[in-house]
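Shown next: protein16.cif, containing mmCIF, C-alpha atoms.
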```cif
data_target
loop_
_atom_site.label_atom_id
_atom_site.label_comp_id
_atom_site.auth_asym_id
_atom_site.auth_seq_id
_atom_site.Cartn_x
_atom_site.Cartn_y
_atom_site.Cartn_z
CA MET A 1 79.73 137.90 151.96
CA LYS A 2 83.51 137.59 151.59
CA LYS A 3 83.31 134.08 153.07
CA LEU A 4 80.65 133.15 150.52
CA LEU A 5 82.88 134.39 147.71
CA VAL A 6 85.85 132.30 148.91
CA VAL A 7 83.69 129.16 149.08
CA LEU A 8 82.23 129.74 145.64
CA LEU A 9 85.64 130.39 144.09
CA ALA A 10 86.92 127.13 145.52
CA LEU A 11 83.92 125.23 144.21
CA THR A 12 84.27 126.83 140.79
CA MET A 13 87.78 125.41 140.46
CA MET A 14 86.33 121.93 140.87
CA LEU A 15 83.36 122.30 138.52
CA PRO A 16 83.18 120.37 135.28
CA ALA A 17 83.01 122.20 131.98
CA PHE A 18 79.22 122.07 131.68
CA VAL A 19 78.77 124.83 134.25
CA SER A 20 81.23 127.21 132.63
CA ALA A 21 79.90 130.64 131.74
CA GLN A 22 77.15 130.45 129.15
CA THR A 23 77.14 132.51 125.96
CA LEU A 24 73.75 134.06 125.28
CA ASP A 25 72.85 135.17 121.78
CA PRO A 26 71.54 138.76 122.00
CA ASN A 27 69.85 138.36 118.60
CA GLU A 28 67.86 135.33 119.70
CA LYS A 29 64.14 135.95 120.04
CA VAL A 30 63.14 134.67 123.47
CA THR A 31 60.04 134.95 125.63
CA LEU A 32 60.50 134.63 129.39
CA ASN A 33 57.28 133.80 131.22
CA LEU A 34 57.08 134.95 134.85
CA PHE A 35 54.35 133.66 137.13
CA GLY A 36 53.58 134.08 140.83
CA THR A 37 53.11 136.72 143.50
CA ALA A 38 55.65 138.82 145.43
CA ASN A 39 55.56 142.59 144.92
CA PHE A 40 54.61 142.04 141.28
CA VAL A 41 51.04 141.35 142.39
CA ASP A 42 51.22 144.08 145.02
CA VAL A 43 52.18 146.97 142.72
CA GLY A 44 50.76 145.63 139.46
CA PRO A 45 51.94 146.60 135.97
CA ASP A 46 51.35 150.33 136.35
CA GLY A 47 52.08 150.98 140.02
CA MET A 48 49.91 151.94 142.96
CA MET A 49 49.51 154.40 145.81
CA ASP A 50 49.15 153.38 149.45
CA LEU A 51 45.84 154.95 150.44
CA LEU A 52 46.84 155.53 154.08
CA SER A 53 50.29 157.04 153.62
CA GLY A 54 50.01 158.44 150.11
CA VAL A 55 53.29 156.73 149.18
CA GLU A 56 53.48 155.89 145.46
CA MET A 57 55.11 152.71 144.15
CA PRO A 58 56.15 151.98 140.55
CA GLY A 59 54.68 149.07 138.61
CA TYR A 60 56.64 146.21 137.11
CA ASN A 61 56.29 147.63 133.58
CA GLU A 62 58.99 150.14 134.56
CA LEU A 63 61.32 147.27 135.50
CA ILE A 64 60.63 145.43 132.23
CA ALA A 65 61.27 148.59 130.21
CA GLU A 66 64.73 148.88 131.77
CA TRP A 67 65.44 145.22 130.98
CA ASN A 68 64.46 145.70 127.35
CA LYS A 69 66.92 148.55 127.00
CA LEU A 70 69.62 145.95 127.56
CA HIS A 71 67.93 142.95 125.94
CA PRO A 72 65.38 144.14 123.34
CA ASN A 73 64.91 140.65 121.89
CA VAL A 74 64.01 139.00 125.20
CA GLU A 75 60.33 139.61 125.90
CA ILE A 76 59.10 139.45 129.49
CA VAL A 77 55.55 138.24 130.05
CA VAL A 78 54.23 138.55 133.61
CA LYS A 79 51.19 136.75 135.01
CA THR A 80 50.34 137.08 138.68
CA CYS A 81 48.07 135.22 141.06
CA PRO A 82 46.39 136.30 144.32
CA TRP A 83 48.04 135.56 147.65
CA ASP A 84 45.15 133.49 148.96
CA SER A 85 45.77 130.76 146.35
CA TRP A 86 49.38 131.37 145.38
CA ILE A 87 50.77 127.89 146.08
CA THR A 88 48.21 125.91 144.09
CA SER A 89 48.21 128.55 141.33
CA ILE A 90 52.00 128.34 140.95
CA GLN A 91 51.99 124.55 141.00
CA THR A 92 49.34 124.38 138.28
CA ALA A 93 51.10 126.93 136.08
CA VAL A 94 54.58 125.39 136.39
CA LEU A 95 53.37 121.84 135.79
CA GLY A 96 51.61 123.17 132.68
CA GLY A 97 55.06 123.94 131.27
CA ASP A 98 54.61 127.64 130.58
CA VAL A 99 56.72 129.19 133.35
CA ASP A 100 60.40 130.15 133.23
CA ILE A 101 60.70 132.21 136.41
CA ILE A 102 58.59 131.56 139.50
CA LEU A 103 57.87 134.72 141.44
CA HIS A 104 58.20 133.90 145.15
CA GLY A 105 58.32 130.16 144.52
CA ALA A 106 61.57 129.02 146.14
CA THR A 107 59.72 127.24 148.94
CA LEU A 108 58.12 124.96 146.34
CA THR A 109 61.39 123.09 145.91
CA GLU A 110 60.00 120.28 143.76
CA LEU A 111 59.38 122.87 141.02
CA CYS A 112 62.72 124.68 141.23
CA GLU A 113 65.97 124.32 139.35
CA PRO A 114 68.91 124.05 141.81
CA LEU A 115 70.84 127.30 141.52
CA ASP A 116 74.07 126.25 143.26
CA PRO A 117 75.85 125.64 139.92
CA TYR A 118 74.73 129.02 138.62
CA LEU A 119 76.16 130.79 141.67
CA GLN A 120 79.36 128.80 141.41
CA ARG A 121 79.97 129.90 137.85
CA ASP A 122 79.17 133.56 138.79
CA PRO A 123 81.18 134.14 141.99
CA GLU A 124 81.43 137.90 141.44
CA TYR A 125 77.66 138.12 141.25
CA ALA A 126 77.23 135.85 144.29
CA ALA A 127 79.53 138.08 146.33
CA LYS A 128 77.14 141.02 145.89
CA LEU A 129 74.26 139.21 147.61
CA PHE A 130 73.43 139.14 151.30
CA ALA A 131 71.51 135.86 151.15
CA THR A 132 70.19 133.02 149.00
CA GLU A 133 67.09 130.86 149.45
CA ASN A 134 68.64 127.66 150.81
CA LYS A 135 66.07 124.86 151.06
CA ARG A 136 65.96 121.15 151.80
CA PHE A 137 64.79 118.84 149.03
CA GLY A 138 65.23 115.13 148.36
CA ASP A 139 67.95 114.28 150.88
CA LEU A 140 66.87 116.42 153.86
CA SER A 141 70.30 116.19 155.42
CA LYS A 142 71.50 118.57 152.70
CA THR A 143 70.35 121.90 151.29
CA MET A 144 70.17 123.42 147.84
CA VAL A 145 69.76 126.99 146.62
CA ALA A 146 66.20 127.02 145.32
CA GLY A 147 65.92 130.73 144.56
CA ILE A 148 67.44 134.18 144.89
CA GLN A 149 65.85 136.92 146.97
CA TYR A 150 65.58 140.35 145.41
CA VAL A 151 63.80 141.75 148.50
CA ILE A 152 65.04 140.83 151.97
CA GLU A 153 63.01 141.66 155.08
CA PRO A 154 64.55 140.93 158.48
CA SER A 155 62.25 141.44 161.46
CA ILE A 156 63.36 144.27 163.71
CA ALA A 157 61.90 146.00 166.76
CA TYR A 158 60.04 149.33 166.70
CA LEU A 159 60.10 151.24 169.99
CA ASP A 160 57.78 154.12 170.86
CA ASN A 161 60.04 156.78 172.38
CA GLU A 162 57.13 158.64 174.00
CA ILE A 163 55.89 155.62 175.94
CA PHE A 164 59.42 154.79 177.10
CA GLU A 165 59.93 158.37 178.26
CA HIS A 166 56.59 158.56 180.05
CA TYR A 167 57.36 155.41 182.07
CA GLY A 168 60.95 156.48 182.75
CA VAL A 169 62.37 153.47 180.90
CA GLU A 170 65.62 153.76 178.96
CA ILE A 171 65.76 152.79 175.29
CA PRO A 172 67.87 149.59 175.12
CA ASP A 173 70.77 149.07 172.74
CA ALA A 174 71.30 146.27 170.24
CA SER A 175 72.82 143.97 172.87
CA TRP A 176 69.54 143.51 174.75
CA THR A 177 68.09 140.08 175.60
CA TRP A 178 64.58 138.64 175.54
CA ASP A 179 64.48 138.71 179.34
CA GLU A 180 65.23 142.43 179.23
CA LEU A 181 62.53 142.91 176.59
CA ILE A 182 59.98 141.13 178.78
CA GLU A 183 60.95 143.28 181.77
CA ILE A 184 60.49 146.45 179.71
CA ALA A 185 57.15 145.20 178.38
CA ARG A 186 55.86 144.64 181.90
CA LYS A 187 56.96 148.11 183.01
CA CYS A 188 55.19 149.77 180.07
CA THR A 189 51.88 147.94 180.46
CA GLY A 190 49.36 149.99 182.41
CA THR A 191 48.12 153.55 182.67
CA ASP A 192 50.50 156.00 181.04
CA PRO A 193 51.60 158.33 183.90
CA VAL A 194 51.61 161.33 181.53
CA THR A 195 48.60 160.85 179.27
CA GLY A 196 46.45 158.72 181.56
CA LYS A 197 45.74 156.36 178.66
CA GLN A 198 46.10 152.58 178.68
CA THR A 199 49.32 151.38 177.10
CA TYR A 200 50.74 147.94 176.41
CA GLY A 201 54.30 146.74 176.62
CA VAL A 202 54.45 144.66 173.50
CA GLN A 203 52.59 143.57 170.40
CA LEU A 204 53.29 140.02 169.28
CA CYS A 205 53.31 140.05 165.50
CA TYR A 206 50.57 138.66 163.27
CA THR A 207 48.36 137.18 165.99
CA ASP A 208 45.50 137.51 163.50
CA THR A 209 47.17 135.46 160.73
CA GLN A 210 48.96 132.18 160.11
CA ASN A 211 52.23 134.09 160.54
CA ILE A 212 51.80 134.07 164.33
CA PHE A 213 54.42 131.31 164.24
CA GLN A 214 57.09 133.99 163.70
CA ASN A 215 56.95 134.82 167.43
CA TYR A 216 57.89 131.26 168.35
CA TYR A 217 60.55 131.14 165.67
CA LYS A 218 62.44 134.19 166.95
CA LEU A 219 62.59 132.85 170.50
CA ALA A 220 63.51 129.33 169.36
CA MET A 221 66.35 130.86 167.40
CA ALA A 222 67.49 132.92 170.40
CA TYR A 223 67.76 129.93 172.72
CA ASN A 224 68.89 127.30 170.19
CA VAL A 225 65.73 125.23 170.57
CA VAL A 226 66.29 122.57 167.93
CA PRO A 227 63.52 119.96 168.05
CA ILE A 228 64.25 118.69 164.52
CA THR A 229 67.06 116.25 163.74
CA TYR A 230 67.20 115.70 159.98
CA GLY A 231 67.57 112.36 158.29
CA LYS A 232 67.58 111.80 154.55
CA THR A 233 63.79 111.76 154.45
CA PRO A 234 61.05 113.11 156.74
CA ALA A 235 60.39 109.56 157.92
CA GLU A 236 64.03 109.17 158.94
CA SER A 237 64.02 112.49 160.82
CA THR A 238 63.05 112.97 164.45
CA ILE A 239 61.22 115.73 166.32
CA ASP A 240 61.70 116.11 170.07
CA PHE A 241 59.69 118.53 172.22
CA SER A 242 61.04 117.39 175.59
CA SER A 243 63.77 119.96 176.23
CA ASP A 244 63.49 122.41 179.10
CA LYS A 245 64.46 125.14 176.63
CA MET A 246 61.30 124.48 174.59
CA LEU A 247 59.16 124.95 177.71
CA ASP A 248 61.05 128.13 178.54
CA VAL A 249 60.30 129.53 175.08
CA PHE A 250 56.59 128.90 175.57
CA LYS A 251 56.69 130.49 179.03
CA LYS A 252 58.31 133.59 177.54
CA LEU A 253 55.61 133.70 174.86
CA GLN A 254 52.98 133.52 177.58
CA ALA A 255 54.66 136.37 179.50
CA LEU A 256 54.77 138.50 176.35
CA SER A 257 51.13 137.79 175.55
CA GLU A 258 50.13 139.13 178.96
CA CYS A 259 51.60 142.50 177.95
CA CYS A 260 49.55 142.69 174.72
CA ALA A 261 46.32 144.57 174.11
CA PRO A 262 43.20 142.37 174.41
CA ASN A 263 42.40 142.64 170.70
CA VAL A 264 45.96 141.57 169.85
CA ARG A 265 45.67 138.50 172.06
CA GLU A 266 42.36 137.68 170.40
CA GLY A 267 43.73 138.31 166.92
CA ALA A 268 40.92 140.77 166.18
CA TYR A 269 41.22 144.11 164.35
CA VAL A 270 44.99 144.15 164.75
CA VAL A 271 46.78 147.23 163.37
CA HIS A 272 50.16 146.15 162.01
CA ASP A 273 51.59 149.52 160.94
CA LEU A 274 53.02 152.22 163.16
CA THR A 275 50.51 155.07 163.49
CA PRO A 276 50.03 158.29 165.50
CA GLU A 277 47.50 156.35 167.63
CA ASN A 278 50.11 153.77 168.65
CA ASP A 279 49.59 152.53 172.24
CA THR A 280 52.35 149.91 172.43
CA ALA A 281 55.93 150.31 173.62
CA ILE A 282 57.53 147.52 171.55
CA ARG A 283 56.44 145.98 168.27
CA TRP A 284 58.28 143.81 165.79
CA ARG A 285 57.81 142.69 162.23
CA THR A 286 59.49 142.80 158.83
CA LEU A 287 59.05 145.66 156.30
CA ALA A 288 61.41 148.14 157.99
CA TYR A 289 61.68 150.46 154.99
CA ASP A 290 57.96 150.29 154.32
CA GLN A 291 57.30 151.20 157.95
CA TYR A 292 59.78 154.06 157.75
CA ARG A 293 58.10 155.52 154.67
CA LYS A 294 54.72 155.41 156.37
CA ILE A 295 55.83 157.10 159.59
CA LYS A 296 57.73 159.72 157.60
CA ALA A 297 54.62 160.44 155.53
CA ALA A 298 52.67 160.80 158.79
CA GLY A 299 55.30 163.11 160.28
CA ILE A 300 56.04 160.83 163.24
CA GLU A 301 59.44 159.41 162.28
CA ASP A 302 61.10 160.95 165.37
CA ARG A 303 58.69 159.16 167.66
CA PHE A 304 60.08 155.68 166.94
CA THR A 305 63.44 154.00 167.41
CA PHE A 306 64.35 151.07 165.16
CA ILE A 307 66.69 148.48 166.70
CA PRO A 308 67.49 144.81 166.10
CA LEU A 309 65.55 142.22 168.06
CA PRO A 310 67.37 140.69 171.05
CA VAL A 311 70.61 138.79 170.60
CA ILE A 312 70.85 135.04 170.16
CA GLU A 313 72.16 133.71 173.46
CA GLU A 314 72.89 130.06 172.67
CA GLY A 315 74.02 127.88 169.79
CA PRO A 316 76.19 128.37 166.69
CA ALA A 317 74.57 131.74 165.86
CA LYS A 318 75.28 133.18 169.32
CA GLY A 319 75.82 136.93 169.13
CA ALA A 320 73.71 137.43 166.02
CA HIS A 321 70.16 138.77 166.34
CA SER A 322 66.85 136.96 166.62
CA THR A 323 64.85 137.59 163.49
CA TYR A 324 62.38 136.29 161.01
CA PHE A 325 63.81 136.70 157.53
CA GLY A 326 61.06 137.41 155.04
CA SER A 327 61.74 137.84 151.34
CA TYR A 328 60.47 138.11 147.82
CA ASN A 329 62.40 135.69 145.66
CA MET A 330 62.72 134.39 142.13
CA ALA A 331 63.26 130.76 141.19
CA ILE A 332 63.87 129.09 137.84
CA SER A 333 61.28 126.52 136.88
CA ASN A 334 62.97 123.15 136.47
CA ASN A 335 61.09 122.54 133.21
CA SER A 336 61.97 125.92 131.68
CA LYS A 337 63.48 125.85 128.18
CA ASN A 338 65.21 129.18 128.76
CA LYS A 339 67.09 128.63 132.00
CA ASP A 340 70.16 130.68 131.12
CA TRP A 341 68.10 133.69 130.08
CA ALA A 342 66.02 133.23 133.23
CA TRP A 343 69.22 133.34 135.27
CA GLU A 344 70.27 136.49 133.43
CA PHE A 345 66.98 138.15 134.35
CA ILE A 346 67.36 137.16 138.02
CA LYS A 347 70.84 138.67 138.05
CA PHE A 348 69.45 141.84 136.47
CA VAL A 349 66.66 142.22 139.03
CA THR A 350 68.91 141.55 142.03
CA THR A 351 71.99 143.64 141.19
CA GLU A 352 71.49 145.96 138.19
CA PRO A 353 71.33 149.50 139.66
CA VAL A 354 68.09 150.54 137.91
CA ALA A 355 66.40 147.32 139.07
CA VAL A 356 67.68 147.73 142.64
CA GLU A 357 66.31 151.29 142.65
CA TRP A 358 62.95 149.96 141.44
CA THR A 359 62.90 147.41 144.26
CA LEU A 360 63.53 150.09 146.89
CA ALA A 361 60.86 152.30 145.33
CA THR A 362 58.32 149.50 145.82
CA GLY A 363 59.10 149.55 149.55
CA GLY A 364 61.41 146.53 149.74
CA ILE A 365 65.01 146.22 150.97
CA PRO A 366 67.18 145.05 148.04
CA ASN A 367 69.41 141.99 148.51
CA CYS A 368 72.74 143.54 147.52
CA GLU A 369 75.43 145.98 148.59
CA TYR A 370 74.14 148.80 146.38
CA GLY A 371 70.72 148.31 147.93
CA MET A 372 72.21 148.89 151.37
CA GLU A 373 73.75 152.15 150.17
CA LEU A 374 70.35 153.29 148.91
CA LEU A 375 68.71 152.21 152.18
CA LYS A 376 71.14 154.33 154.22
CA GLU A 377 70.40 157.35 152.03
CA ALA A 378 66.65 156.82 152.37
CA MET A 379 66.35 155.93 156.07
CA GLY A 380 69.33 157.61 157.70
CA ASP A 381 70.14 156.27 161.18
CA LYS A 382 67.09 154.00 161.16
CA ALA A 383 68.68 151.90 158.41
CA GLN A 384 71.26 150.59 160.86
CA ALA A 385 68.82 148.18 162.54
CA PRO A 386 67.99 146.02 159.49
CA ILE A 387 71.56 146.32 158.20
CA THR A 388 72.99 145.08 161.52
CA VAL A 389 70.70 142.05 161.40
CA LEU A 390 71.66 141.29 157.79
CA GLU A 391 75.37 141.62 158.49
CA THR A 392 75.21 139.12 161.36
CA LEU A 393 73.04 136.49 159.67
CA PRO A 394 74.60 133.01 159.72
CA GLU A 395 75.80 131.73 156.34
CA GLY A 396 72.98 130.04 154.43
CA PHE A 397 70.37 131.23 156.95
CA CYS A 398 66.80 130.22 156.14
CA ASN A 399 63.57 130.54 158.10
CA THR A 400 61.66 127.65 156.72
CA THR A 401 63.84 124.54 156.73
CA ASN A 402 66.12 124.46 159.74
CA GLU A 403 66.39 122.68 163.08
CA ASN A 404 64.23 125.30 164.85
CA TYR A 405 61.28 125.19 162.47
CA ASP A 406 60.32 123.64 159.12
CA ASN A 407 57.08 124.52 157.35
CA VAL A 408 58.02 122.68 154.16
CA ASN A 409 58.81 119.08 155.08
CA PHE A 410 56.83 118.30 158.23
CA GLY A 411 53.17 119.05 157.68
CA THR A 412 51.44 119.54 160.99
CA PHE A 413 54.65 120.61 162.72
CA SER A 414 53.91 124.07 161.36
CA THR A 415 50.16 124.01 160.75
CA SER A 416 49.30 122.80 164.25
CA LEU A 417 51.73 125.32 165.76
CA VAL A 418 49.48 128.14 164.58
CA THR A 419 46.50 126.74 166.52
CA VAL A 420 48.66 126.01 169.56
CA LEU A 421 50.09 129.52 169.65
CA LYS A 422 46.72 131.21 169.23
CA ASP A 423 45.37 129.25 172.20
CA LEU A 424 48.45 130.08 174.27
CA VAL A 425 48.40 133.80 173.43
CA TYR A 426 44.67 134.03 174.05
CA GLY A 427 45.19 132.43 177.45
CA THR A 428 43.14 129.26 177.06
CA THR A 429 46.12 126.93 177.54
CA THR A 430 49.25 126.84 179.66
CA PRO A 431 52.73 126.48 178.14
CA GLU A 432 52.78 122.83 179.22
CA GLU A 433 49.40 122.15 177.62
CA ALA A 434 50.40 123.98 174.45
CA ILE A 435 53.55 121.91 174.00
CA ALA A 436 51.63 118.70 174.69
CA ALA A 437 49.04 119.58 172.03
CA TRP A 438 51.73 120.45 169.50
CA LYS A 439 53.64 117.24 170.28
CA ASN A 440 50.52 115.11 169.90
CA ALA A 441 49.67 116.53 166.46
CA THR A 442 53.27 116.21 165.27
CA ASP A 443 53.64 112.65 166.62
CA GLU A 444 50.56 111.60 164.69
CA TYR A 445 51.97 113.08 161.49
CA MET A 446 55.40 111.47 161.97
CA ALA A 447 53.74 108.10 162.65
CA PHE A 448 51.81 108.51 159.41
CA LEU A 449 55.08 109.09 157.52
CA LYS A 450 56.58 105.92 158.92
#
```
If you convert what's in this file into structure tokens, what do you get?
Amino acid sequence: MKKLLVVLLALTMMLPAFVSAQTLDPNEKVTLNLFGTANFVDVGPDGMMDLLSGVEMPGYNELIAEWNKLHPNVEIVVKTCPWDSWITSIQTAVLGGDVDIILHGATLTELCEPLDPYLQRDPEYAAKLFATENKRFGDLSKTMVAGIQYVIEPSIAYLDNEIFEHYGVEIPDASWTWDELIEIARKCTGTDPVTGKQTYGVQLCYTDTQNIFQNYYKLAMAYNVVPITYGKTPAESTIDFSSDKMLDVFKKLQALSECCAPNVREGAYVVHDLTPENDTAIRWRTLAYDQYRKIKAAGIEDRFTFIPLPVIEEGPAKGAHSTYFGSYNMAISNNSKNKDWAWEFIKFVTTEPVAVEWTLATGGIPNCEYGMELLKEAMGDKAQAPITVLETLPEGFCNTTNENYDNVNFGTFSTSLVTVLKDLVYGTTTPEEAIAAWKNATDEYMAFLK
């Protein structure tokens, strides 16, 4: 974060006067319209209780009430949409001209106000953040800040101490590699020598959803598999699947799938949360604090070790940790008439202590230093895993628009990957066949662009 502050301070010195700090009139009557999803749709206006764990989460009315203590003349109006239609719902609402802040809309870059100038004029605020939503838009050889995360969710690994102990396998440390993970998974797949029950070495994440791609992404990141070379436009970019490293990633995915439970490979009735009935040595996903709250409520927090996923072995991020970096973010609609007040609200949600506390209470990891302090208090030693990942993230890191993977600018590059991975994990294709199928679909799309 210190490096980010130095860069922003330097840029601020070069900025023209129009991005100097704005003066907001506290007596001005303003209505800020928020629209979208994120945890606003999850917890609702009045809060909710998780039926399995009994954990209660506050609603967004509590957040708005705290805002109005500071800004009584700025009314916040929230409208949410369901996850199954969130993209089209947001697009329709924003194009209708009635949205100031898009909840979880930073991926929809054509709707977003670039926030780089806002960060440059607020370097002290920027220095408090762990990350920003850097996206590609227009000239794909460059990035812009399309939104600010208020919840950050790095994927980490969850290890079942009992299964490791029963098989006589040592718990690894944060320096482990994917090859070591695969070796452990193979050792822990079989009949538990203590309980006599079937156990599995690993559970690939989200094999029952479109998010199965996260498994590929983590391994591509670890081995610097960079099939995308960006030009100014998608048509001027290239995608190359021919590297030996790409094949190696798919072979590792195949090896991991062979250590999964049959229902996980099939993507059927998959249990994502840690439970007392857990039968798998190693799992991974985001939502570390949410998982911690659930295992604590179930009284099984001592059964699991939280550690970062294996280290990145090649490329500019070497030494950091493989991860998928989920988030809930806020973006400013580029047709908003209240952009400066919208920015003020984003700053409030991401760094004001009462708002950061609200974010943690909803089960999310806040995107600021104070949030990390709260996380340590809440999770104890288990907080170190997500914090270690966050502290080693490359500057400007983004899941969705990088050389490893891009689900924004290249159509079937991401959509066909889901089908390819499901076939590979299920065992109906080989790694070579899977890559060939993915290449064929992507080649057709790139030819269409040109």
Sorted by chain and rising residue number, which residues of segment 252-319 of chain A lie within 6 Å of segment 205-229 of chain A, and what are their closest atom pairs and distances in Å to one decimal, counting all atoms listed in the file, as a tab-separated table?
```
residue	atom	partner	partner_atom	distance
A:Gly267	CA	A:Asp208	CA	3.9
A:Ile312	CA	A:Ala222	CA	4.0
A:Glu313	CA	A:Ala222	CA	5.6
A:Glu314	CA	A:Tyr223	CA	5.1
A:Gly315	CA	A:Asn224	CA	5.2
```
- Resolved residues for the PyMOL selection byres ((chain A and resi 361) around 12) as a PyMOL selection string: chain A and resi 39+43+47-49+55-60+62-63+151+289-290+293+354-360+362-366+371+374-375+378
- Query: For Thr80 of chain A, which residue among A:Val418, A:Ala255, A:Cys112, A:Val41 is the nearest when counting only C-alpha atoms?
  - Reply: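 The answer is A:Val41, which sits nearest to Thr80 of chain A.
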Cut-off 8 Å: closest segment 150-256 of chain A/segment 274-285 of chain A atom pairs per residue, using all atoms listed in the file, as a Markdown table:
```
| residue | atom | partner | partner_atom | distance |
| --- | --- | --- | --- | --- |
| A:Pro154 | CA | A:Arg285 | CA | 7.9 |
| A:Ser155 | CA | A:Arg285 | CA | 4.7 |
| A:Ile156 | CA | A:Trp284 | CA | 5.5 |
| A:Ala157 | CA | A:Trp284 | CA | 4.3 |
| A:Tyr158 | CA | A:Arg283 | CA | 5.2 |
| A:Leu159 | CA | A:Ile282 | CA | 4.8 |
| A:Asp160 | CA | A:Ala281 | CA | 5.1 |
| A:Asn161 | CA | A:Ala281 | CA | 7.8 |
| A:Ile163 | CA | A:Ala281 | CA | 5.8 |
| A:Phe164 | CA | A:Ala281 | CA | 6.7 |
| A:Ala185 | CA | A:Ala281 | CA | 7.1 |
| A:Cys188 | CA | A:Ala281 | CA | 6.5 |
| A:Gln198 | CA | A:Asp279 | CA | 7.3 |
| A:Thr199 | CA | A:Asp279 | CA | 5.0 |
| A:Tyr200 | CA | A:Thr280 | CA | 4.7 |
| A:Gly201 | CA | A:Ala281 | CA | 4.9 |
| A:Val202 | CA | A:Ile282 | CA | 4.6 |
| A:Gln203 | CA | A:Arg283 | CA | 5.0 |
| A:Leu204 | CA | A:Arg283 | CA | 6.8 |
| A:Cys205 | CA | A:Arg285 | CA | 6.2 |
```
- Distance of atom CA of Gly138 of chain A from atom CA of Lys232 of chain A, expressed in Å to one decimal place: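 Result for atom CA of Lys232 of chain A versus atom CA of Gly138 of chain A: 7.4 Å, one decimal.
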Mind running segment 237-334 of chain A against segment 379-396 of chain A at 10 Å and telling me each contacting residue's nearest atom pair with the distance in Å (one decimal), counting only C-alpha atoms, chain and number ascending, as JSON lines?
```
{"residue": "A:Thr286", "atom": "CA", "partner": "A:Pro386", "partner_atom": "CA", "distance": 9.1}
{"residue": "A:Leu287", "atom": "CA", "partner": "A:Pro386", "partner_atom": "CA", "distance": 9.5}
{"residue": "A:Ala288", "atom": "CA", "partner": "A:Pro386", "partner_atom": "CA", "distance": 7.1}
{"residue": "A:Tyr289", "atom": "CA", "partner": "A:Met379", "partner_atom": "CA", "distance": 7.3}
{"residue": "A:Tyr292", "atom": "CA", "partner": "A:Met379", "partner_atom": "CA", "distance": 7.0}
{"residue": "A:Arg293", "atom": "CA", "partner": "A:Met379", "partner_atom": "CA", "distance": 8.4}
{"residue": "A:Lys296", "atom": "CA", "partner": "A:Met379", "partner_atom": "CA", "distance": 9.5}
{"residue": "A:Glu301", "atom": "CA", "partner": "A:Lys382", "partner_atom": "CA", "distance": 9.4}
{"residue": "A:Phe304", "atom": "CA", "partner": "A:Lys382", "partner_atom": "CA", "distance": 9.2}
{"residue": "A:Thr305", "atom": "CA", "partner": "A:Lys382", "partner_atom": "CA", "distance": 7.2}
{"residue": "A:Phe306", "atom": "CA", "partner": "A:Lys382", "partner_atom": "CA", "distance": 5.7}
{"residue": "A:Ile307", "atom": "CA", "partner": "A:Ala385", "partner_atom": "CA", "distance": 4.7}
{"residue": "A:Pro308", "atom": "CA", "partner": "A:Ala385", "partner_atom": "CA", "distance": 5.1}
{"residue": "A:Leu309", "atom": "CA", "partner": "A:Val389", "partner_atom": "CA", "distance": 8.4}
{"residue": "A:Val311", "atom": "CA", "partner": "A:Val389", "partner_atom": "CA", "distance": 9.8}
{"residue": "A:Pro316", "atom": "CA", "partner": "A:Pro394", "partner_atom": "CA", "distance": 8.5}
{"residue": "A:Ala317", "atom": "CA", "partner": "A:Pro394", "partner_atom": "CA", "distance": 6.3}
{"residue": "A:Lys318", "atom": "CA", "partner": "A:Pro394", "partner_atom": "CA", "distance": 9.6}
{"residue": "A:Gly319", "atom": "CA", "partner": "A:Thr392", "partner_atom": "CA", "distance": 8.1}
{"residue": "A:Ala320", "atom": "CA", "partner": "A:Thr392", "partner_atom": "CA", "distance": 5.2}
{"residue": "A:His321", "atom": "CA", "partner": "A:Val389", "partner_atom": "CA", "distance": 6.0}
{"residue": "A:Ser322", "atom": "CA", "partner": "A:Val389", "partner_atom": "CA", "distance": 8.2}
{"residue": "A:Thr323", "atom": "CA", "partner": "A:Val389", "partner_atom": "CA", "distance": 7.6}
{"residue": "A:Phe325", "atom": "CA", "partner": "A:Leu390", "partner_atom": "CA", "distance": 9.1}
```
With C-alpha atoms retained, export the selected residues as a short mmCIF file (atom, residue, chain, number, x, y, z; two decimals), in the coordinates of the input.
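So the final result, stored in out_17.cif, reads:
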```cif
data_model
loop_
_atom_site.label_atom_id
_atom_site.label_comp_id
_atom_site.auth_asym_id
_atom_site.auth_seq_id
_atom_site.Cartn_x
_atom_site.Cartn_y
_atom_site.Cartn_z
CA THR A 286 59.49 142.80 158.83
CA LEU A 287 59.05 145.66 156.30
CA ALA A 288 61.41 148.14 157.99
CA TYR A 289 61.68 150.46 154.99
CA TYR A 292 59.78 154.06 157.75
CA ARG A 293 58.10 155.52 154.67
CA LYS A 296 57.73 159.72 157.60
CA GLU A 301 59.44 159.41 162.28
CA PHE A 304 60.08 155.68 166.94
CA THR A 305 63.44 154.00 167.41
CA PHE A 306 64.35 151.07 165.16
CA ILE A 307 66.69 148.48 166.70
CA PRO A 308 67.49 144.81 166.10
CA LEU A 309 65.55 142.22 168.06
CA VAL A 311 70.61 138.79 170.60
CA PRO A 316 76.19 128.37 166.69
CA ALA A 317 74.57 131.74 165.86
CA LYS A 318 75.28 133.18 169.32
CA GLY A 319 75.82 136.93 169.13
CA ALA A 320 73.71 137.43 166.02
CA HIS A 321 70.16 138.77 166.34
CA SER A 322 66.85 136.96 166.62
CA THR A 323 64.85 137.59 163.49
CA PHE A 325 63.81 136.70 157.53
#
```
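By all atoms listed in the file, and with residues fewer than 3 positions from Ala131 of chain A along its chain excluded, the set lying at most 10 Å from it is A:Met1, A:Leu4, A:Ala126, A:Ala127, A:Lys128, A:Asn134, A:Ile148, A:Gln149, A:Tyr150, A:Ile152, A:Ser327, A:Asn367, A:Cys368, A:Leu390, A:Leu393, A:Pro394, A:Glu395, A:Gly396, A:Phe397, A:Cys398.
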